[in-house]
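With TSV, C-alpha atoms inside, this is model-v2.tsv:
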```tsv
chain	number	residue	atom	x	y	z
A	1	MET	CA	-17.13	-32.57	-38.89
A	2	THR	CA	-16.61	-31.17	-35.42
A	3	ARG	CA	-13.71	-28.83	-34.89
A	4	PRO	CA	-11.23	-29.87	-32.18
A	5	ARG	CA	-11.68	-27.92	-28.98
A	6	LEU	CA	-9.07	-26.96	-26.46
A	7	HIS	CA	-9.07	-28.76	-23.15
A	8	LYS	CA	-10.00	-26.71	-20.12
A	9	SER	CA	-6.51	-27.23	-18.69
A	10	SER	CA	-5.05	-25.62	-21.82
A	11	LEU	CA	-7.21	-22.56	-21.25
A	12	VAL	CA	-5.99	-22.40	-17.65
A	13	VAL	CA	-2.38	-22.62	-18.84
A	14	GLY	CA	-3.06	-19.83	-21.35
A	15	LEU	CA	-4.57	-17.56	-18.70
A	16	LEU	CA	-1.66	-18.21	-16.34
A	17	ALA	CA	0.85	-17.45	-19.11
A	18	LEU	CA	-1.05	-14.28	-20.02
A	19	ALA	CA	-1.14	-13.09	-16.41
A	20	LEU	CA	2.53	-13.88	-15.90
A	21	THR	CA	3.70	-12.03	-19.01
A	22	ALA	CA	1.33	-9.12	-18.37
A	23	ILE	CA	2.72	-8.36	-14.90
A	24	ILE	CA	6.24	-8.46	-16.35
A	25	VAL	CA	5.64	-6.37	-19.48
A	26	LEU	CA	2.92	-3.83	-18.68
A	27	PRO	CA	3.48	-2.23	-15.23
A	28	GLY	CA	6.24	0.27	-14.66
A	29	SER	CA	9.27	-0.64	-12.61
A	30	GLU	CA	11.72	1.66	-10.88
A	31	PRO	CA	14.94	2.00	-12.90
A	32	ASP	CA	18.33	1.47	-11.27
A	33	LEU	CA	20.51	4.15	-9.69
A	34	LEU	CA	17.82	6.73	-8.93
A	35	ASP	CA	18.70	9.81	-6.93
A	36	PRO	CA	17.47	9.05	-3.38
A	37	PHE	CA	16.89	12.77	-2.77
A	38	SER	CA	14.73	13.26	-5.85
A	39	SER	CA	11.05	14.13	-5.47
A	40	MET	CA	10.25	12.24	-8.67
A	41	GLU	CA	9.17	8.64	-9.03
A	42	GLU	CA	10.51	7.09	-12.24
A	43	PHE	CA	8.80	4.28	-14.15
A	44	ASP	CA	10.07	2.09	-16.98
A	45	HIS	CA	7.38	0.13	-18.82
A	46	GLY	CA	8.07	-2.81	-21.08
A	47	TRP	CA	10.12	-5.99	-21.35
A	48	PRO	CA	12.37	-6.82	-23.07
A	49	ALA	CA	12.07	-3.46	-24.88
A	50	ARG	CA	11.20	-0.31	-22.93
A	51	PHE	CA	8.19	1.31	-24.59
A	52	LEU	CA	7.53	4.04	-21.99
A	53	HIS	CA	9.53	6.05	-19.47
A	54	ARG	CA	7.66	8.51	-17.25
A	55	SER	CA	8.22	10.59	-14.12
A	56	VAL	CA	5.64	11.46	-11.45
A	57	ASN	CA	5.96	13.88	-8.54
A	58	TYR	CA	5.27	12.53	-5.07
A	59	SER	CA	3.12	15.58	-4.39
A	60	ILE	CA	2.45	19.08	-5.67
A	61	TYR	CA	1.71	21.97	-3.30
A	62	TYR	CA	-0.59	24.86	-4.23
A	63	GLY	CA	0.01	27.66	-1.74
A	64	GLU	CA	-1.47	26.83	1.66
A	65	ARG	CA	-3.94	24.28	0.35
A	66	PRO	CA	-3.36	20.59	1.10
A	67	PRO	CA	-1.01	18.92	-1.38
A	68	VAL	CA	-2.45	17.18	-4.39
A	69	TYR	CA	-0.87	13.75	-4.33
A	70	GLN	CA	-0.04	12.26	-7.70
A	71	ASN	CA	1.47	9.11	-6.24
A	72	ASP	CA	-0.79	6.77	-4.31
A	73	TYR	CA	1.91	4.82	-2.47
A	74	PRO	CA	5.28	5.40	-0.77
A	75	SER	CA	8.49	5.60	-2.75
A	76	GLU	CA	8.95	1.82	-2.45
A	77	PRO	CA	6.16	-0.55	-3.59
A	78	PRO	CA	5.13	-3.37	-1.22
A	79	TRP	CA	8.04	-5.80	-0.79
A	80	GLY	CA	9.70	-4.10	-3.76
A	81	VAL	CA	7.37	-5.88	-6.22
A	82	PRO	CA	6.56	-3.38	-9.01
A	83	TRP	CA	3.21	-4.83	-10.10
A	84	LEU	CA	1.78	-4.65	-6.55
A	85	SER	CA	1.60	-0.85	-6.71
A	86	TRP	CA	-1.39	0.75	-8.42
A	87	ASN	CA	0.63	3.63	-9.78
A	88	ALA	CA	2.78	1.24	-11.77
A	89	TRP	CA	-0.33	0.46	-13.82
A	90	LYS	CA	-1.10	4.12	-14.63
A	91	PRO	CA	0.91	4.98	-17.77
A	92	TRP	CA	-1.11	8.19	-18.25
A	93	GLN	CA	0.33	9.71	-15.06
A	94	ASN	CA	3.29	11.79	-16.11
A	95	THR	CA	4.70	15.03	-14.71
A	96	LYS	CA	6.93	15.68	-17.72
A	97	THR	CA	5.52	17.65	-20.62
A	98	GLU	CA	6.01	14.75	-23.02
A	99	HIS	CA	5.85	10.98	-22.66
A	100	ASP	CA	8.95	9.05	-23.67
A	101	PHE	CA	6.86	6.58	-25.64
A	102	HIS	CA	8.02	4.20	-28.40
A	103	LEU	CA	5.33	2.48	-30.43
A	104	GLY	CA	7.73	0.02	-32.04
A	105	ALA	CA	8.92	-1.23	-28.65
A	106	LEU	CA	5.30	-1.70	-27.52
A	107	VAL	CA	4.56	-3.77	-30.63
A	108	VAL	CA	7.63	-5.93	-29.95
A	109	ASP	CA	6.64	-6.49	-26.31
A	110	LEU	CA	3.03	-7.36	-27.17
A	111	GLY	CA	4.22	-9.69	-29.93
A	112	ILE	CA	6.46	-11.53	-27.47
A	113	MET	CA	3.56	-11.76	-25.00
A	114	VAL	CA	1.30	-13.30	-27.64
A	115	ALA	CA	4.04	-15.71	-28.75
A	116	ILE	CA	4.70	-16.91	-25.19
A	117	VAL	CA	0.99	-17.47	-24.51
A	118	ALA	CA	0.43	-19.23	-27.85
A	119	MET	CA	3.43	-21.54	-27.42
A	120	SER	CA	2.43	-22.38	-23.84
A	121	VAL	CA	-1.12	-23.30	-24.87
A	122	ALA	CA	0.06	-25.25	-27.93
A	123	ALA	CA	2.65	-27.21	-25.95
A	124	TRP	CA	0.21	-28.09	-23.17
A	125	GLU	CA	-2.58	-29.00	-25.62
A	126	TRP	CA	-0.22	-31.22	-27.62
A	127	ARG	CA	0.73	-33.01	-24.41
A	128	ARG	CA	-2.85	-33.20	-23.09
A	129	ARG	CA	-4.16	-34.92	-26.22
A	130	ARG	CA	-1.62	-37.70	-25.69
A	131	ARG	CA	-2.54	-38.28	-22.05
A	132	GLN	CA	-5.68	-39.73	-20.55
A	133	ARG	CA	-5.32	-37.65	-17.40
A	134	VAL	CA	-3.94	-34.19	-16.73
A	135	PHE	CA	-1.31	-35.31	-14.23
A	136	GLN	CA	-0.15	-38.35	-16.13
A	137	PHE	CA	3.61	-38.05	-16.68
A	138	ARG	CA	6.12	-40.09	-18.60
A	139	LEU	CA	9.66	-40.80	-17.49
A	140	ILE	CA	11.13	-38.47	-20.14
A	141	GLU	CA	8.99	-35.61	-18.81
A	142	LEU	CA	10.20	-36.20	-15.27
A	143	LEU	CA	13.79	-36.25	-16.51
A	144	LEU	CA	13.23	-33.00	-18.39
A	145	LEU	CA	11.64	-31.39	-15.32
A	146	THR	CA	14.54	-32.55	-13.16
A	147	THR	CA	17.03	-31.10	-15.64
A	148	ILE	CA	15.26	-27.72	-15.64
A	149	ILE	CA	15.18	-27.60	-11.83
A	150	ALA	CA	18.84	-28.61	-11.62
A	151	GLY	CA	19.77	-25.94	-14.15
A	152	GLY	CA	17.92	-23.30	-12.15
A	153	LEU	CA	19.55	-24.35	-8.89
A	154	GLY	CA	22.95	-24.35	-10.60
A	155	TRP	CA	22.33	-20.82	-11.86
A	156	PHE	CA	21.45	-19.65	-8.34
A	157	ALA	CA	24.54	-21.43	-6.97
A	158	PHE	CA	26.70	-19.66	-9.56
A	159	HIS	CA	25.51	-16.26	-8.35
A	160	HIS	CA	25.89	-17.34	-4.72
A	161	ARG	CA	29.53	-18.31	-5.27
A	162	GLY	CA	30.21	-15.07	-7.14
A	163	HIS	CA	28.76	-13.01	-4.30
A	164	ALA	CA	30.72	-14.97	-1.69
A	165	ARG	CA	33.93	-14.48	-3.67
A	166	GLU	CA	33.44	-10.72	-4.09
A	167	HIS	CA	32.01	-9.90	-0.67
A	168	PRO	CA	35.36	-9.69	1.20
A	169	HIS	CA	36.82	-7.44	-1.49
A	170	ALA	CA	33.81	-5.11	-1.43
A	171	ASN	CA	34.05	-4.89	2.37
A	172	ALA	CA	37.76	-4.11	2.10
A	173	LEU	CA	36.96	-1.13	-0.13
A	174	ARG	CA	34.22	0.04	2.23
A	175	ASP	CA	36.43	-0.24	5.32
A	176	ASP	CA	39.28	1.74	3.77
A	177	GLU	CA	38.09	5.19	4.91
A	178	ALA	CA	34.71	4.99	3.22
A	179	TRP	CA	34.44	8.77	2.89
A	180	ALA	CA	36.87	8.58	-0.05
A	181	ILE	CA	36.01	5.24	-1.71
A	182	LEU	CA	32.38	4.28	-2.11
A	183	VAL	CA	30.96	1.17	-3.73
A	184	VAL	CA	27.66	1.18	-5.61
A	185	VAL	CA	25.64	-2.01	-5.13
A	186	GLU	CA	22.87	-3.02	-7.54
A	187	ASN	CA	20.66	-6.03	-8.04
A	188	VAL	CA	22.02	-7.84	-11.09
A	189	ALA	CA	19.21	-10.38	-11.44
A	190	PRO	CA	17.57	-10.48	-14.90
A	191	ASP	CA	15.11	-7.67	-15.45
A	192	CYS	CA	12.18	-10.03	-15.97
A	193	LEU	CA	12.88	-11.70	-12.61
A	194	ARG	CA	13.15	-8.36	-10.82
A	195	ARG	CA	9.86	-7.25	-12.37
A	196	LEU	CA	8.14	-10.46	-11.34
A	197	VAL	CA	9.51	-11.03	-7.83
A	198	GLY	CA	10.91	-7.62	-6.88
A	199	ARG	CA	14.35	-6.65	-5.67
A	200	ASP	CA	13.62	-7.05	-1.96
A	201	LEU	CA	12.41	-10.65	-2.19
A	202	LEU	CA	15.36	-11.83	-4.26
A	203	PRO	CA	18.32	-13.35	-2.39
A	204	ASP	CA	21.06	-10.95	-1.30
A	205	TYR	CA	23.65	-12.68	-3.46
A	206	PHE	CA	22.14	-10.97	-6.50
A	207	ARG	CA	23.34	-7.66	-5.01
A	208	ARG	CA	26.75	-7.03	-6.52
A	209	VAL	CA	29.13	-4.09	-6.77
A	210	THR	CA	28.64	-2.44	-10.18
A	211	ALA	CA	30.55	0.84	-9.68
A	212	VAL	CA	33.31	2.34	-7.56
A	213	TYR	CA	33.23	6.03	-6.61
A	214	VAL	CA	36.53	7.73	-5.74
A	215	ASP	CA	36.04	11.14	-4.09
A	216	LEU	CA	39.09	13.40	-4.21
A	217	SER	CA	37.37	16.46	-2.71
A	218	TYR	CA	39.15	16.15	0.63
A	219	GLY	CA	42.48	14.94	-0.63
A	220	PHE	CA	43.58	11.43	-1.35
A	221	GLU	CA	46.73	9.42	-0.74
A	222	PRO	CA	47.97	7.57	-3.86
A	223	ARG	CA	49.14	4.59	-1.81
A	224	ARG	CA	45.53	3.89	-0.87
A	225	LEU	CA	44.81	3.26	-4.55
A	226	ASP	CA	47.55	0.66	-4.53
A	227	ARG	CA	45.58	-1.15	-1.85
A	228	ALA	CA	42.21	-0.63	-3.55
A	229	VAL	CA	43.00	-1.79	-7.09
A	230	PRO	CA	43.69	-5.48	-6.21
A	231	HIS	CA	40.26	-5.63	-4.57
A	232	LEU	CA	38.64	-3.86	-7.52
A	233	MET	CA	40.10	-6.43	-9.91
A	234	GLN	CA	38.09	-9.14	-8.13
A	235	LEU	CA	34.75	-7.35	-8.59
A	236	ARG	CA	33.75	-8.93	-11.89
A	237	ARG	CA	30.44	-7.06	-12.13
A	238	CYS	CA	32.01	-3.65	-11.51
A	239	HIS	CA	31.99	-1.85	-14.86
A	240	THR	CA	32.10	1.83	-13.81
A	241	LEU	CA	34.80	3.96	-12.20
A	242	ASN	CA	33.66	7.40	-11.04
A	243	VAL	CA	36.38	9.90	-10.14
A	244	ALA	CA	35.04	13.10	-8.54
A	245	GLY	CA	36.24	16.31	-6.93
A	246	GLN	CA	39.27	17.04	-9.09
A	247	ALA	CA	39.87	19.87	-11.57
A	248	THR	CA	42.54	18.00	-13.50
A	249	VAL	CA	43.31	14.35	-14.19
A	250	SER	CA	46.96	14.73	-15.16
A	251	ASP	CA	48.27	13.28	-11.89
A	252	PHE	CA	45.59	10.66	-11.21
A	253	PRO	CA	47.08	7.13	-11.51
A	254	PHE	CA	44.78	5.76	-14.22
A	255	ALA	CA	47.51	3.27	-15.16
A	256	LEU	CA	46.68	1.38	-11.95
A	257	PHE	CA	43.07	0.89	-13.05
A	258	SER	CA	44.15	-0.51	-16.41
A	259	LYS	CA	44.71	-3.71	-14.43
A	260	ALA	CA	40.92	-4.04	-13.99
A	261	PRO	CA	39.79	-5.27	-17.43
A	262	GLN	CA	36.10	-5.43	-16.47
A	263	LEU	CA	35.83	-1.62	-16.29
A	264	ARG	CA	33.93	-0.16	-19.24
A	265	THR	CA	32.86	3.34	-18.11
A	266	LEU	CA	35.00	6.16	-16.75
A	267	ASP	CA	32.73	8.82	-15.25
A	268	LEU	CA	34.32	12.21	-14.57
A	269	SER	CA	31.05	14.17	-14.61
A	270	ASP	CA	31.08	14.84	-10.84
A	271	SER	CA	34.12	17.11	-11.16
A	272	PRO	CA	32.79	20.64	-11.88
A	273	GLY	CA	35.28	22.81	-13.73
A	274	LEU	CA	37.21	19.79	-14.98
A	275	GLN	CA	39.80	20.58	-17.63
A	276	ILE	CA	41.45	17.74	-19.53
A	277	ASP	CA	44.48	18.89	-21.46
A	278	VAL	CA	47.00	16.93	-23.51
A	279	ASP	CA	48.72	15.49	-20.43
A	280	GLY	CA	45.39	14.55	-18.87
A	281	ALA	CA	44.21	12.83	-22.06
A	282	SER	CA	47.46	10.88	-22.29
A	283	ASN	CA	46.97	9.81	-18.68
A	284	VAL	CA	43.35	8.74	-19.25
A	285	SER	CA	44.33	6.74	-22.35
A	286	TYR	CA	46.09	4.21	-20.13
A	287	MET	CA	42.62	2.71	-19.59
A	288	GLN	CA	42.34	1.07	-22.99
A	289	GLN	CA	39.44	-1.11	-21.83
A	290	ILE	CA	37.11	1.91	-21.45
A	291	THR	CA	34.27	2.21	-23.99
A	292	ARG	CA	32.47	5.23	-22.42
A	293	LEU	CA	34.12	8.41	-21.11
A	294	ILE	CA	31.70	10.83	-19.39
A	295	VAL	CA	32.82	14.42	-18.80
A	296	PRO	CA	30.83	17.42	-17.43
A	297	GLU	CA	30.63	19.50	-20.61
A	298	ARG	CA	32.17	19.99	-24.03
A	299	SER	CA	34.62	22.58	-22.73
A	300	SER	CA	36.06	19.96	-20.34
A	301	LEU	CA	38.13	18.53	-23.21
A	302	THR	CA	40.50	20.69	-25.19
A	303	PRO	CA	40.53	19.97	-28.95
A	304	GLU	CA	44.03	18.51	-28.67
A	305	ALA	CA	42.95	16.26	-25.80
A	306	LEU	CA	39.96	15.04	-27.78
A	307	VAL	CA	42.25	14.10	-30.67
A	308	ILE	CA	44.42	12.06	-28.32
A	309	ILE	CA	41.41	10.29	-26.80
A	310	ARG	CA	40.05	9.34	-30.22
A	311	ARG	CA	43.48	8.24	-31.43
A	312	ASP	CA	44.56	6.19	-28.42
A	313	MET	CA	41.09	4.93	-27.43
A	314	PRO	CA	39.31	4.27	-30.75
A	315	ASN	CA	36.58	2.17	-29.10
A	316	CYS	CA	35.72	4.84	-26.53
A	317	GLU	CA	32.63	7.04	-26.86
A	318	VAL	CA	32.90	10.51	-25.30
A	319	ILE	CA	29.66	11.55	-23.55
A	320	TYR	CA	28.99	15.08	-22.30
A	321	GLU	CA	26.85	15.23	-19.15
A	322	GLN	CA	25.59	18.69	-20.07
A	323	ASP	CA	24.08	17.35	-23.29
A	324	LEU	CA	22.27	14.62	-21.36
A	325	TRP	CA	20.63	17.21	-19.11
A	326	LEU	CA	19.60	19.29	-22.12
A	327	ASP	CA	18.01	16.22	-23.75
A	328	GLU	CA	15.85	15.69	-20.66
```
Rendering of file as structure tokens:
Amino acid sequence: MTRPRLHKSSLVVGLLALALTAIIVLPGSEPDLLDPFSSMEEFDHGWPARFLHRSVNYSIYYGERPPVYQNDYPSEPPWGVPWLSWNAWKPWQNTKTEHDFHLGALVVDLGIMVAIVAMSVAAWEWRRRRRQRVFQFRLIELLLLTTIIAGGLGWFAFHHRGHAREHPHANALRDDEAWAILVVVENVAPDCLRRLVGRDLLPDYFRRVTAVYVDLSYGFEPRRLDRAVPHLMQLRRCHTLNVAGQATVSDFPFALFSKAPQLRTLDLSDSPGLQIDVDGASNVSYMQQITRLIVPERSSLTPEALVIIRRDMPNCEVIYEQDLWLDE
């Protein structure tokens, strides 16, 4: 009895699925919100679970000798596509003393790769054995294909409408003396799509405001916040409010920002010497929607203030920036 053999077209489908998943899972991609002035190139490997994070210097100088380059390409890969850069495929290159490697995440990613390839081959082989020719289609298959294409176009149209709705509000924040209010724009496309196509080749309507930065270093007029908050409320993807340049938060109108329910992170880490006392904690607690409060160091919160934060904001996690630096 002869064993059934796979059709050649099934092998082609398997190889295509393997190549597609490999360029998504294996090469490193640049994580979001990197410091543009940093001399390090950061790489995140793995999808959907990150199994490796590494950092590589652009170059290292040894006295007057020519620099020894550890990166073989500029800071941006060609067209922003991660898998087109050779260094993205070099997980052994790492400037840090230790690799941030997770074996369990690698097993999960490889398991998902194998599952996708196996299901693709099985589905195509099942179909091929019921067709006399490779490109023989039934009406139900054409309807299914049309539905998938329509769903994809609808998803793109959804993001296009969201960008068009938010764009005037983001511009209003930028135009209002941009030295004091800054907007942080990120590409919000799914990670697998950004790894496959790259950020630069994706349509601009995937670029959305994800954070607002309020700089109080040079003084700030409260009435300008009254103008800014209505625009902020319309930025549905904006989850972070960063308030910088202030030693105390007792007089900052956090109650205004409680009207923006999409905010989830309040970042105060860019205020060196910040001291949050009882009055400041009571003021911060107006933002009941916050789930992450980031402060510079443990001494930034008095014990009484910490009690108030935990009592009035039970769902909020307090994060100390100093501890994050020590962990790195």
What is the atom CA of Pro272 of chain A to atom CA of Leu225 of chain A distance in Å?
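Separation of atom CA of Pro272 of chain A and atom CA of Leu225 of chain A: 22.4 Å.
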Between atom CA of Leu293 of chain A and atom CA of Leu268 of chain A, what is the distance, to one decimal in Å?
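Distance between the two atoms: 7.6 Å.
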Nearest candidate to Leu202 of chain A (options A:Val81, A:Leu15, A:Met313, A:Leu103; using all atoms listed in the file)
A:Val81
Nearest candidate to Leu196 of chain A (options A:Leu106, A:Ala22, A:Thr265, A:Val12; using only C-alpha atoms):
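Answer, going by the shortest atom-to-atom distance: A:Ala22.
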As number ranges by chain, please: the residues near Arg208 of chain A (cut-off 10 Å, all atoms listed in the file, same-chain neighbours under 2 positions excluded).
A: 159, 162-163, 166-167, 170, 183-189, 204-206, 210-211, 235-238
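Nearest to Arg194 of chain A of all the residues A:Arg207, A:Pro314, A:Ala247, A:Ala172 is A:Arg207, counting only C-alpha atoms.
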Figure out the distance between atom CA of Pro190 of chain A and atom CA of Leu142 of chain A, please, to one decimal in Å.
26.8 Å
Which residue of A:Arg127, A:His45, A:Asn57, A:Ser120 approaches Ile24 of chain A most closely, using all atoms listed in the file
A:His45
Residue among A:Met287, A:Ala164, A:Ala105, A:Leu173 lying closest to Arg224 of chain A, counting all atoms listed in the file:
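Looking only at the distances to Arg224 of chain A, the closest residue turns out to be A:Leu173.
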Which residue out of A:Val13, A:Glu304, A:Leu266, A:Arg292 has the minimum interatomic distance to Met119 of chain A when all atoms listed in the file are used?
A:Val13
Could you tell me, as a JSON list (two decimals) with C-alpha atoms, keeping the file's coordinate frame, which residues have any atom at most 12 Å from (44.3, 12.9, -10.8), counting only C-alpha atoms?
```json
[["chain", "number", "residue", "atom", "x", "y", "z"],
["A", 214, "VAL", "CA", 36.53, 7.73, -5.74],
["A", 215, "ASP", "CA", 36.04, 11.14, -4.09],
["A", 216, "LEU", "CA", 39.09, 13.40, -4.21],
["A", 217, "SER", "CA", 37.37, 16.46, -2.71],
["A", 219, "GLY", "CA", 42.48, 14.94, -0.63],
["A", 220, "PHE", "CA", 43.58, 11.43, -1.35],
["A", 221, "GLU", "CA", 46.73, 9.42, -0.74],
["A", 222, "PRO", "CA", 47.97, 7.57, -3.86],
["A", 225, "LEU", "CA", 44.81, 3.26, -4.55],
["A", 242, "ASN", "CA", 33.66, 7.40, -11.04],
["A", 243, "VAL", "CA", 36.38, 9.90, -10.14],
["A", 244, "ALA", "CA", 35.04, 13.10, -8.54],
["A", 245, "GLY", "CA", 36.24, 16.31, -6.93],
["A", 246, "GLN", "CA", 39.27, 17.04, -9.09],
["A", 247, "ALA", "CA", 39.87, 19.87, -11.57],
["A", 248, "THR", "CA", 42.54, 18.00, -13.50],
["A", 249, "VAL", "CA", 43.31, 14.35, -14.19],
["A", 250, "SER", "CA", 46.96, 14.73, -15.16],
["A", 251, "ASP", "CA", 48.27, 13.28, -11.89],
["A", 252, "PHE", "CA", 45.59, 10.66, -11.21],
["A", 253, "PRO", "CA", 47.08, 7.13, -11.51],
["A", 254, "PHE", "CA", 44.78, 5.76, -14.22],
["A", 255, "ALA", "CA", 47.51, 3.27, -15.16],
["A", 256, "LEU", "CA", 46.68, 1.38, -11.95],
["A", 268, "LEU", "CA", 34.32, 12.21, -14.57],
["A", 271, "SER", "CA", 34.12, 17.11, -11.16],
["A", 274, "LEU", "CA", 37.21, 19.79, -14.98],
["A", 275, "GLN", "CA", 39.80, 20.58, -17.63],
["A", 276, "ILE", "CA", 41.45, 17.74, -19.53],
["A", 279, "ASP", "CA", 48.72, 15.49, -20.43],
["A", 280, "GLY", "CA", 45.39, 14.55, -18.87],
["A", 281, "ALA", "CA", 44.21, 12.83, -22.06],
["A", 283, "ASN", "CA", 46.97, 9.81, -18.68],
["A", 284, "VAL", "CA", 43.35, 8.74, -19.25]]
```
